[in-house]
>>> print(open('upload33.cif').read())   # mmCIF, C-alpha atoms, pLDDT in the B column; chains and numbers go by the auth columns
data_final
#
loop_
_atom_site.group_PDB
_atom_site.id
_atom_site.type_symbol
_atom_site.label_atom_id
_atom_site.label_comp_id
_atom_site.label_asym_id
_atom_site.label_seq_id
_atom_site.Cartn_x
_atom_site.Cartn_y
_atom_site.Cartn_z
_atom_site.B_iso_or_equiv
_atom_site.auth_seq_id
_atom_site.auth_asym_id
ATOM 1 C CA MET A 1 -23.876 -85.070 40.104 57.00 22 X
ATOM 2 C CA ASP A 2 -24.895 -88.636 40.994 68.00 23 X
ATOM 3 C CA ILE A 3 -22.767 -91.332 39.429 72.00 24 X
ATOM 4 C CA PRO A 4 -25.099 -93.554 37.387 76.00 25 X
ATOM 5 C CA ARG A 5 -25.307 -97.054 38.793 80.00 26 X
ATOM 6 C CA LEU A 6 -26.152 -100.102 36.758 84.00 27 X
ATOM 7 C CA SER A 7 -27.209 -103.510 38.011 87.00 28 X
ATOM 8 C CA ALA A 8 -26.049 -106.640 36.150 88.00 29 X
ATOM 9 C CA LYS A 9 -29.428 -106.908 34.398 90.00 30 X
ATOM 10 C CA GLU A 10 -29.463 -103.247 33.416 90.00 31 X
ATOM 11 C CA ALA A 11 -25.943 -103.544 32.028 91.00 32 X
ATOM 12 C CA GLU A 12 -26.989 -106.618 30.026 91.00 33 X
ATOM 13 C CA VAL A 13 -30.036 -104.799 28.607 92.00 34 X
ATOM 14 C CA LEU A 14 -27.895 -101.813 27.609 92.00 35 X
ATOM 15 C CA ARG A 15 -25.255 -104.090 26.060 92.00 36 X
ATOM 16 C CA LEU A 16 -27.880 -105.754 23.866 92.00 37 X
ATOM 17 C CA LEU A 17 -29.644 -102.513 22.948 93.00 38 X
ATOM 18 C CA ILE A 18 -26.387 -100.792 22.016 92.00 39 X
ATOM 19 C CA ALA A 19 -25.333 -103.788 19.924 91.00 40 X
ATOM 20 C CA ASN A 20 -28.677 -104.372 18.142 90.00 41 X
ATOM 21 C CA GLY A 21 -30.505 -101.035 18.143 88.00 42 X
ATOM 22 C CA GLU A 22 -34.242 -101.325 18.806 89.00 43 X
ATOM 23 C CA MET A 23 -35.439 -104.535 20.437 90.00 44 X
ATOM 24 C CA TYR A 24 -38.585 -105.743 22.171 88.00 45 X
ATOM 25 C CA GLY A 25 -38.734 -107.522 25.525 89.00 46 X
ATOM 26 C CA LEU A 26 -39.022 -111.093 24.273 89.00 47 X
ATOM 27 C CA GLU A 27 -36.162 -110.521 21.853 90.00 48 X
ATOM 28 C CA LEU A 28 -33.972 -109.340 24.745 91.00 49 X
ATOM 29 C CA VAL A 29 -34.904 -112.439 26.767 92.00 50 X
ATOM 30 C CA THR A 30 -34.145 -114.849 23.924 91.00 51 X
ATOM 31 C CA SER A 31 -30.799 -113.142 23.230 91.00 52 X
ATOM 32 C CA SER A 32 -29.606 -113.364 26.827 89.00 53 X
ATOM 33 C CA ASP A 33 -29.174 -115.954 29.564 88.00 54 X
ATOM 34 C CA VAL A 34 -29.385 -113.371 32.334 87.00 55 X
ATOM 35 C CA LEU A 35 -32.763 -111.821 31.503 89.00 56 X
ATOM 36 C CA LYS A 36 -36.011 -113.613 32.391 88.00 57 X
ATOM 37 C CA ARG A 37 -39.485 -113.232 30.963 87.00 58 X
ATOM 38 C CA GLY A 38 -41.018 -112.281 34.299 85.00 59 X
ATOM 39 C CA THR A 39 -38.544 -109.540 35.178 88.00 60 X
ATOM 40 C CA VAL A 40 -37.432 -108.008 31.878 91.00 61 X
ATOM 41 C CA TYR A 41 -40.275 -105.479 31.648 91.00 62 X
ATOM 42 C CA VAL A 42 -39.887 -104.451 35.283 91.00 63 X
ATOM 43 C CA THR A 43 -36.181 -103.849 34.598 91.00 64 X
ATOM 44 C CA LEU A 44 -36.967 -101.928 31.386 92.00 65 X
ATOM 45 C CA SER A 45 -39.599 -99.817 33.150 91.00 66 X
ATOM 46 C CA ARG A 46 -37.122 -98.953 35.923 89.00 67 X
ATOM 47 C CA MET A 47 -34.458 -98.121 33.319 92.00 68 X
ATOM 48 C CA ALA A 48 -36.917 -95.880 31.454 92.00 69 X
ATOM 49 C CA GLU A 49 -37.582 -94.017 34.715 89.00 70 X
ATOM 50 C CA LYS A 50 -33.837 -93.523 35.165 89.00 71 X
ATOM 51 C CA GLY A 51 -33.497 -92.355 31.547 91.00 72 X
ATOM 52 C CA TYR A 52 -31.308 -95.225 30.312 92.00 73 X
ATOM 53 C CA VAL A 53 -33.800 -96.428 27.689 93.00 74 X
ATOM 54 C CA GLU A 54 -36.758 -95.065 25.769 92.00 75 X
ATOM 55 C CA SER A 55 -39.645 -96.960 24.235 89.00 76 X
ATOM 56 C CA ARG A 56 -42.301 -96.677 21.589 88.00 77 X
ATOM 57 C CA GLN A 57 -45.259 -98.816 20.612 84.00 78 X
ATOM 58 C CA GLU A 58 -44.917 -100.630 17.284 80.00 79 X
ATOM 59 C CA GLU A 59 -47.347 -99.172 14.754 77.00 80 X
ATOM 60 C CA VAL A 60 -47.989 -102.300 12.725 71.00 81 X
ATOM 61 C CA SER A 61 -48.694 -105.706 14.256 67.00 82 X
ATOM 62 C CA PRO A 62 -45.908 -108.217 13.455 64.00 83 X
ATOM 63 C CA GLY A 63 -48.468 -110.804 12.310 62.00 84 X
ATOM 64 C CA ASP A 64 -48.161 -113.431 15.045 61.00 85 X
ATOM 65 C CA GLY A 65 -49.391 -111.194 17.851 65.00 86 X
ATOM 66 C CA PRO A 66 -50.339 -107.700 18.958 75.00 87 X
ATOM 67 C CA PRO A 67 -48.061 -104.654 18.297 80.00 88 X
ATOM 68 C CA ARG A 68 -45.055 -104.734 20.619 83.00 89 X
ATOM 69 C CA ARG A 69 -43.221 -102.112 22.618 86.00 90 X
ATOM 70 C CA LEU A 70 -39.761 -101.455 21.189 89.00 91 X
ATOM 71 C CA TYR A 71 -36.906 -100.243 23.376 92.00 92 X
ATOM 72 C CA LYS A 72 -33.667 -98.461 22.542 92.00 93 X
ATOM 73 C CA ALA A 73 -30.820 -97.097 24.605 92.00 94 X
ATOM 74 C CA THR A 74 -30.711 -93.334 25.148 92.00 95 X
ATOM 75 C CA GLY A 75 -27.501 -91.360 24.850 92.00 96 X
ATOM 76 C CA PHE A 76 -27.338 -91.193 28.650 91.00 97 X
ATOM 77 C CA GLY A 77 -27.812 -94.976 28.869 91.00 98 X
ATOM 78 C CA ALA A 78 -25.064 -95.587 26.305 91.00 99 X
ATOM 79 C CA ARG A 79 -22.684 -93.270 28.188 91.00 100 X
ATOM 80 C CA ALA A 80 -23.483 -94.965 31.495 91.00 101 X
ATOM 81 C CA TYR A 81 -22.788 -98.377 29.957 91.00 102 X
ATOM 82 C CA ARG A 82 -19.508 -97.243 28.360 90.00 103 X
ATOM 83 C CA ALA A 83 -18.423 -95.717 31.674 89.00 104 X
ATOM 84 C CA LEU A 84 -19.188 -98.990 33.444 88.00 105 X
ATOM 85 C CA GLU A 85 -17.352 -100.967 30.778 86.00 106 X
ATOM 86 C CA HIS A 86 -14.377 -98.632 31.027 86.00 107 X
ATOM 87 C CA ALA A 87 -14.356 -98.838 34.825 85.00 108 X
ATOM 88 C CA ALA A 88 -14.539 -102.627 34.656 83.00 109 X
ATOM 89 C CA ARG A 89 -11.561 -102.701 32.285 83.00 110 X
ATOM 90 C CA LEU A 90 -9.564 -100.367 34.520 83.00 111 X
ATOM 91 C CA PHE A 91 -10.483 -102.385 37.578 81.00 112 X
ATOM 92 C CA ALA A 92 -9.408 -105.590 35.874 78.00 113 X
ATOM 93 C CA GLY A 93 -6.056 -103.926 35.235 71.00 114 X
ATOM 94 C CA GLY A 94 -6.380 -104.007 31.477 58.00 115 X
ATOM 95 C CA GLU A 95 -4.988 -100.507 31.054 54.00 116 X
ATOM 96 C CA GLY A 96 -2.839 -100.405 34.171 51.00 117 X
ATOM 97 C CA ALA A 97 -4.390 -97.141 35.349 48.00 118 X
ATOM 98 C CA TRP A 98 -4.701 -98.353 38.921 48.00 119 X
ATOM 99 C CA ALA A 99 -0.986 -99.001 39.217 46.00 120 X
ATOM 100 C CA VAL A 100 -0.211 -95.517 40.465 38.00 121 X
ATOM 101 C CA MET B 1 -105.401 -170.232 8.979 44.00 21 Z
ATOM 102 C CA GLY B 2 -105.254 -166.441 9.243 48.00 22 Z
ATOM 103 C CA ARG B 3 -102.929 -164.167 7.297 51.00 23 Z
ATOM 104 C CA LEU B 4 -99.703 -163.224 9.052 48.00 24 Z
ATOM 105 C CA ILE B 5 -99.656 -159.432 9.441 49.00 25 Z
ATOM 106 C CA VAL B 6 -96.230 -157.951 10.014 46.00 26 Z
ATOM 107 C CA ARG B 7 -96.599 -154.628 11.763 50.00 27 Z
ATOM 108 C CA TRP B 8 -94.526 -151.780 10.392 51.00 28 Z
ATOM 109 C CA PRO B 9 -92.133 -151.235 13.373 58.00 29 Z
ATOM 110 C CA PHE B 10 -91.127 -154.898 13.281 61.00 30 Z
ATOM 111 C CA LYS B 11 -90.628 -154.762 9.529 67.00 31 Z
ATOM 112 C CA ARG B 12 -88.574 -151.633 9.890 71.00 32 Z
ATOM 113 C CA ARG B 13 -86.438 -153.284 12.553 73.00 33 Z
ATOM 114 C CA LEU B 14 -85.748 -156.167 10.165 75.00 34 Z
ATOM 115 C CA GLN B 15 -84.757 -153.688 7.464 76.00 35 Z
ATOM 116 C CA ARG B 16 -82.458 -151.970 9.896 78.00 36 Z
ATOM 117 C CA VAL B 17 -80.804 -155.282 10.792 80.00 37 Z
ATOM 118 C CA TRP B 18 -80.364 -155.956 7.076 81.00 38 Z
ATOM 119 C CA LEU B 19 -78.857 -152.520 6.565 80.00 39 Z
ATOM 120 C CA GLU B 20 -76.473 -152.939 9.514 81.00 40 Z
ATOM 121 C CA GLY B 21 -75.335 -156.290 8.111 82.00 41 Z
ATOM 122 C CA LEU B 22 -74.768 -154.740 4.701 81.00 42 Z
ATOM 123 C CA VAL B 23 -72.765 -151.831 6.113 79.00 43 Z
ATOM 124 C CA GLU B 24 -70.640 -154.114 8.310 79.00 44 Z
ATOM 125 C CA GLY B 25 -69.940 -156.442 5.382 80.00 45 Z
ATOM 126 C CA LEU B 26 -68.921 -153.620 3.069 78.00 46 Z
ATOM 127 C CA MET B 27 -66.854 -151.914 5.765 76.00 47 Z
ATOM 128 C CA ALA B 28 -64.963 -155.185 6.302 76.00 48 Z
ATOM 129 C CA GLN B 29 -64.196 -155.306 2.569 76.00 49 Z
ATOM 130 C CA SER B 30 -63.316 -151.626 2.358 70.00 50 Z
ATOM 131 C CA GLU B 31 -59.579 -150.952 2.284 69.00 51 Z
ATOM 132 C CA THR B 32 -59.823 -147.216 2.830 69.00 52 Z
ATOM 133 C CA GLY B 33 -61.386 -147.376 6.296 68.00 53 Z
ATOM 134 C CA PHE B 34 -64.175 -145.016 5.197 74.00 54 Z
ATOM 135 C CA VAL B 35 -67.846 -146.018 5.033 76.00 55 Z
ATOM 136 C CA PRO B 36 -68.624 -146.834 1.357 79.00 56 Z
ATOM 137 C CA TRP B 37 -71.858 -144.814 1.223 80.00 57 Z
ATOM 138 C CA GLU B 38 -72.181 -144.985 -2.578 82.00 58 Z
ATOM 139 C CA GLU B 39 -71.774 -148.759 -2.618 81.00 59 Z
ATOM 140 C CA ILE B 40 -74.427 -149.141 0.100 83.00 60 Z
ATOM 141 C CA ARG B 41 -76.797 -146.885 -1.856 83.00 61 Z
ATOM 142 C CA SER B 42 -76.364 -148.936 -5.018 85.00 62 Z
ATOM 143 C CA ARG B 43 -77.152 -152.149 -3.087 84.00 63 Z
ATOM 144 C CA ILE B 44 -80.259 -150.569 -1.581 82.00 64 Z
ATOM 145 C CA LYS B 45 -81.471 -149.552 -5.038 81.00 65 Z
ATOM 146 C CA ALA B 46 -81.767 -153.266 -5.874 81.00 66 Z
ATOM 147 C CA GLU B 47 -84.380 -153.742 -3.118 79.00 67 Z
ATOM 148 C CA PRO B 48 -88.143 -153.498 -3.746 77.00 68 Z
ATOM 149 C CA GLU B 49 -89.422 -149.964 -3.967 75.00 69 Z
ATOM 150 C CA ASP B 50 -91.341 -149.890 -0.654 73.00 70 Z
ATOM 151 C CA VAL B 51 -88.278 -151.138 1.240 76.00 71 Z
ATOM 152 C CA ARG B 52 -85.878 -148.866 -0.634 79.00 72 Z
ATOM 153 C CA ALA B 53 -87.462 -145.629 0.576 77.00 73 Z
ATOM 154 C CA VAL B 54 -87.213 -146.652 4.224 77.00 74 Z
ATOM 155 C CA LEU B 55 -83.626 -147.845 3.868 80.00 75 Z
ATOM 156 C CA MET B 56 -82.523 -144.716 2.006 81.00 76 Z
ATOM 157 C CA ASN B 57 -84.058 -142.574 4.709 80.00 77 Z
ATOM 158 C CA GLU B 58 -82.318 -144.604 7.408 80.00 78 Z
ATOM 159 C CA LEU B 59 -79.005 -144.425 5.560 80.00 79 Z
ATOM 160 C CA ALA B 60 -79.258 -140.657 5.122 81.00 80 Z
ATOM 161 C CA GLU B 61 -79.731 -140.354 8.886 79.00 81 Z
ATOM 162 C CA TRP B 62 -76.662 -142.540 9.536 79.00 82 Z
ATOM 163 C CA GLU B 63 -74.586 -140.530 7.096 78.00 83 Z
ATOM 164 C CA ARG B 64 -75.582 -137.248 8.714 78.00 84 Z
ATOM 165 C CA LYS B 65 -74.595 -138.575 12.167 77.00 85 Z
ATOM 166 C CA ALA B 66 -71.301 -139.930 10.805 76.00 86 Z
ATOM 167 C CA VAL B 67 -70.417 -136.557 9.267 71.00 87 Z
ATOM 168 C CA ILE B 68 -71.153 -134.777 12.544 70.00 88 Z
ATOM 169 C CA ALA B 69 -69.104 -137.342 14.518 71.00 89 Z
ATOM 170 C CA SER B 70 -66.103 -137.087 12.176 69.00 90 Z
ATOM 171 C CA THR B 71 -66.036 -133.274 12.203 68.00 91 Z
ATOM 172 C CA PRO B 72 -63.490 -132.075 14.777 67.00 92 Z
ATOM 173 C CA ALA B 73 -64.960 -130.006 17.574 65.00 93 Z
ATOM 174 C CA ARG B 74 -64.224 -126.313 17.157 65.00 94 Z
ATOM 175 C CA ARG B 75 -64.771 -123.721 19.806 67.00 95 Z
ATOM 176 C CA ILE B 76 -63.859 -120.098 20.132 69.00 96 Z
ATOM 177 C CA SER B 77 -61.575 -119.616 23.113 74.00 97 Z
ATOM 178 C CA SER B 78 -60.417 -116.368 24.634 79.00 98 Z
ATOM 179 C CA PRO B 79 -56.743 -115.395 24.159 81.00 99 Z
ATOM 180 C CA PRO B 80 -54.363 -116.391 26.952 87.00 100 Z
ATOM 181 C CA GLY B 81 -53.931 -113.878 29.749 87.00 101 Z
ATOM 182 C CA ARG B 82 -57.282 -112.164 29.257 87.00 102 Z
ATOM 183 C CA GLY B 83 -58.442 -112.918 32.802 90.00 103 Z
ATOM 184 C CA LEU B 84 -55.078 -111.954 34.298 90.00 104 Z
ATOM 185 C CA LEU B 85 -55.149 -108.586 32.520 89.00 105 Z
ATOM 186 C CA ALA B 86 -58.708 -107.953 33.670 90.00 106 Z
ATOM 187 C CA ILE B 87 -57.676 -108.559 37.298 90.00 107 Z
ATOM 188 C CA ALA B 88 -54.494 -106.472 36.894 90.00 108 Z
ATOM 189 C CA GLU B 89 -56.552 -103.515 35.604 90.00 109 Z
ATOM 190 C CA PHE B 90 -58.139 -103.281 39.054 89.00 110 Z
ATOM 191 C CA LEU B 91 -54.938 -103.698 41.020 89.00 111 Z
ATOM 192 C CA PHE B 92 -52.271 -101.711 39.134 89.00 112 Z
ATOM 193 C CA SER B 93 -51.875 -98.230 37.676 89.00 113 Z
ATOM 194 C CA ALA B 94 -52.424 -97.601 33.959 90.00 114 Z
ATOM 195 C CA ARG B 95 -48.711 -96.907 33.561 88.00 115 Z
ATOM 196 C CA SER B 96 -47.632 -100.205 35.149 88.00 116 Z
ATOM 197 C CA LEU B 97 -50.196 -101.963 33.043 90.00 117 Z
ATOM 198 C CA GLU B 98 -48.982 -100.317 29.839 88.00 118 Z
ATOM 199 C CA THR B 99 -45.235 -100.681 30.382 87.00 119 Z
ATOM 200 C CA VAL B 100 -44.908 -103.961 32.292 89.00 120 Z
ATOM 201 C CA LEU B 101 -47.976 -106.184 32.432 91.00 121 Z
ATOM 202 C CA LYS B 102 -49.456 -105.756 28.967 90.00 122 Z
ATOM 203 C CA PRO B 103 -46.123 -106.343 27.153 89.00 123 Z
ATOM 204 C CA THR B 104 -45.687 -109.551 29.221 91.00 124 Z
ATOM 205 C CA ILE B 105 -49.073 -110.787 28.008 90.00 125 Z
ATOM 206 C CA ASP B 106 -48.333 -109.629 24.440 87.00 126 Z
ATOM 207 C CA ASP B 107 -45.178 -111.761 24.455 87.00 127 Z
ATOM 208 C CA LEU B 108 -47.121 -114.716 25.830 89.00 128 Z
ATOM 209 C CA ARG B 109 -49.724 -114.367 23.065 87.00 129 Z
ATOM 210 C CA SER B 110 -47.111 -113.971 20.390 85.00 130 Z
ATOM 211 C CA GLU B 111 -45.268 -117.156 21.462 87.00 131 Z
ATOM 212 C CA TYR B 112 -48.552 -119.009 21.989 88.00 132 Z
ATOM 213 C CA ASN B 113 -49.825 -118.113 18.502 84.00 133 Z
ATOM 214 C CA GLN B 114 -46.523 -119.147 16.970 84.00 134 Z
ATOM 215 C CA ALA B 115 -46.687 -122.564 18.679 86.00 135 Z
ATOM 216 C CA LEU B 116 -50.305 -123.087 17.560 83.00 136 Z
ATOM 217 C CA PHE B 117 -49.382 -122.050 14.028 79.00 137 Z
ATOM 218 C CA GLU B 118 -46.717 -124.789 14.049 81.00 138 Z
ATOM 219 C CA CYS B 119 -49.395 -127.245 15.352 79.00 139 Z
ATOM 220 C CA ARG B 120 -47.378 -127.776 18.548 83.00 140 Z
ATOM 221 C CA ASN B 121 -50.284 -127.953 20.978 84.00 141 Z
ATOM 222 C CA TYR B 122 -48.303 -129.188 23.982 89.00 142 Z
ATOM 223 C CA LYS B 123 -45.718 -126.460 23.506 90.00 143 Z
ATOM 224 C CA ALA B 124 -48.568 -123.923 23.351 90.00 144 Z
ATOM 225 C CA LYS B 125 -49.902 -125.252 26.666 91.00 145 Z
ATOM 226 C CA TRP B 126 -46.437 -125.047 28.220 93.00 146 Z
ATOM 227 C CA ILE B 127 -46.045 -121.460 26.925 93.00 147 Z
ATOM 228 C CA ARG B 128 -49.357 -120.596 28.534 92.00 148 Z
ATOM 229 C CA VAL B 129 -48.214 -121.951 31.909 93.00 149 Z
ATOM 230 C CA ARG B 130 -44.810 -120.255 31.627 93.00 150 Z
ATOM 231 C CA GLY B 131 -46.414 -116.977 30.517 92.00 151 Z
ATOM 232 C CA THR B 132 -48.807 -117.045 33.460 93.00 152 Z
ATOM 233 C CA TRP B 133 -45.869 -117.573 35.814 93.00 153 Z
ATOM 234 C CA SER B 134 -43.972 -114.675 34.165 91.00 154 Z
ATOM 235 C CA PHE B 135 -46.993 -112.427 34.524 93.00 155 Z
ATOM 236 C CA LEU B 136 -47.385 -113.324 38.205 93.00 156 Z
ATOM 237 C CA SER B 137 -43.649 -112.735 38.789 91.00 157 Z
ATOM 238 C CA ALA B 138 -43.862 -109.309 37.130 91.00 158 Z
ATOM 239 C CA ALA B 139 -47.015 -108.423 39.091 92.00 159 Z
ATOM 240 C CA GLY B 140 -45.373 -109.590 42.324 91.00 160 Z
ATOM 241 C CA LEU B 141 -42.256 -107.512 41.646 89.00 161 Z
ATOM 242 C CA LEU B 142 -44.370 -104.453 40.847 88.00 162 Z
ATOM 243 C CA ALA B 143 -46.379 -104.851 44.034 88.00 163 Z
ATOM 244 C CA PHE B 144 -43.210 -105.355 46.093 88.00 164 Z
ATOM 245 C CA SER B 145 -41.428 -102.319 44.603 84.00 165 Z
ATOM 246 C CA GLY B 146 -44.603 -100.231 45.051 81.00 166 Z
ATOM 247 C CA PHE B 147 -44.700 -101.198 48.709 84.00 167 Z
ATOM 248 C CA GLY B 148 -40.978 -100.372 49.038 85.00 168 Z
ATOM 249 C CA LYS B 149 -41.500 -96.915 47.534 82.00 169 Z
ATOM 250 C CA LEU B 150 -44.375 -96.290 49.931 84.00 170 Z
ATOM 251 C CA VAL B 151 -42.220 -97.240 52.926 88.00 171 Z
ATOM 252 C CA VAL B 152 -39.416 -94.901 51.751 87.00 172 Z
ATOM 253 C CA ARG B 153 -41.883 -92.029 51.263 87.00 173 Z
ATOM 254 C CA VAL B 154 -43.361 -92.515 54.732 88.00 174 Z
ATOM 255 C CA TRP B 155 -39.854 -92.789 56.205 90.00 175 Z
ATOM 256 C CA ARG B 156 -38.862 -89.484 54.608 86.00 176 Z
ATOM 257 C CA LEU B 157 -42.043 -87.808 55.855 85.00 177 Z
ATOM 258 C CA ILE B 158 -41.392 -88.982 59.396 84.00 178 Z
ATOM 259 C CA GLY B 159 -37.691 -88.217 59.271 72.00 179 Z
#
>>> encode(input="upload33.cif", output="structure tokens")
Amino acid sequence: MDIPRLSAKEAEVLRLLIANGEMYGLELVTSSDVLKRGTVYVTLSRMAEKGYVESRQEEVSPGDGPPRRLYKATGFGARAYRALEHAARLFAGGEGAWAV
Amino acid sequence: MGRLIVRWPFKRRLQRVWLEGLVEGLMAQSETGFVPWEEIRSRIKAEPEDVRAVLMNELAEWERKAVIASTPARRISSPPGRGLLAIAEFLFSARSLETVLKPTIDDLRSEYNQALFECRNYKAKWIRVRGTWSFLSAAGLLAFSGFGKLVVRVWRLIG
């Protein structure tokens, strides 16, 4: 089995989606310093291909624009993010697991 | 000595000069800054009947032009990103359009509408420029990754 790999942007998207539930692209951009307007949807599309996120089109228009595409983390995406978080903690020596 | 005959155009010109003087005088007195049409009309009513009709007609014409000039120009403009989307429809797949390019334009429109709703016209213009740049960045990335995938596929076929 391939070990899921996450780029910094993908990890940031997953962090926000896990914390806030469903979000749309602009909301992700405004909540983060890492994500940019021009690249967020390319990142989300790539993540959807990998199975980290899933999306649906909003049924009702929010009023100030057309209906938006909402994204949420899949179970696989959440597991991949938690694994990365855990690995980062271990690597930082937080749990001392590397001191064999 | 013959009778002096004033021809109508000359007489009308004199009436116009009189009317212009009256309007200027009343405008100078007016504190509101608006043309006091009612006051001008009441002054004209004091003139002889044959003069009154011409002046009223002239005044009505002035008023009509003033109303047109003071009405702000309104025009229907297409939403931002319409042209970009039309071009992208030719260049990219329906899936790329649906998942990447259209949401980028939707965000641009949403922010643009919000700025216009708040009467922040310069912000709306800036959002339009920024949104166009975002769209071009996304389109560029898509094209680049598409080219990369093609190279990998060809490489695998050869290898």
>>> interface_residues(input="upload33.cif", of="chain X", to="chain Z", cutoff="8 Å", atoms="all atoms listed in the file", output="ChimeraX atom specification")
/X:46-47,58-60,62-63,66,85-90
>>> resolve_selection(input="upload33.cif", expression="the PyMOL selection byres ((chain X and resi 103) around 12)", output="list in words")
Pro25, Arg26, Leu27, Ala32, Leu35, Arg36, Ile39, Ala94, Gly96, Phe97, Gly98, Ala99, Arg100, Ala101, Tyr102, Ala104, Leu105, Glu106, His107, Ala108, Ala109 and Arg110 of chain X
>>> atom_distance(input="upload33.cif", atom1="atom CA of X:Leu91", atom2="atom CA of X:Tyr45")
4.6 Å
>>> closest_residue(input="upload33.cif", among="X:Leu111, X:Val34, X:Ser52, X:Thr95", to="X:Leu65", atoms="only C-alpha atoms")
X:Val34
>>> atom_distance(input="upload33.cif", atom1="atom CA of Z:Ala73", atom2="atom CA of Z:Trp57")
15.6 Å
>>> atom_distance(input="upload33.cif", atom1="atom CA of Z:Phe110", atom2="atom CA of Z:Arg148")
22.1 Å
>>> closest_residue(input="upload33.cif", among="X:Val61, X:Lys93, X:Ala40, X:Ser53", to="X:Gln78", atoms="only C-alpha atoms")
X:Lys93
>>> closest_residue(input="upload33.cif", among="X:Ile24, X:Lys71, X:Thr51, X:Lys57", to="X:Leu37", atoms="all atoms listed in the file")
X:Thr51
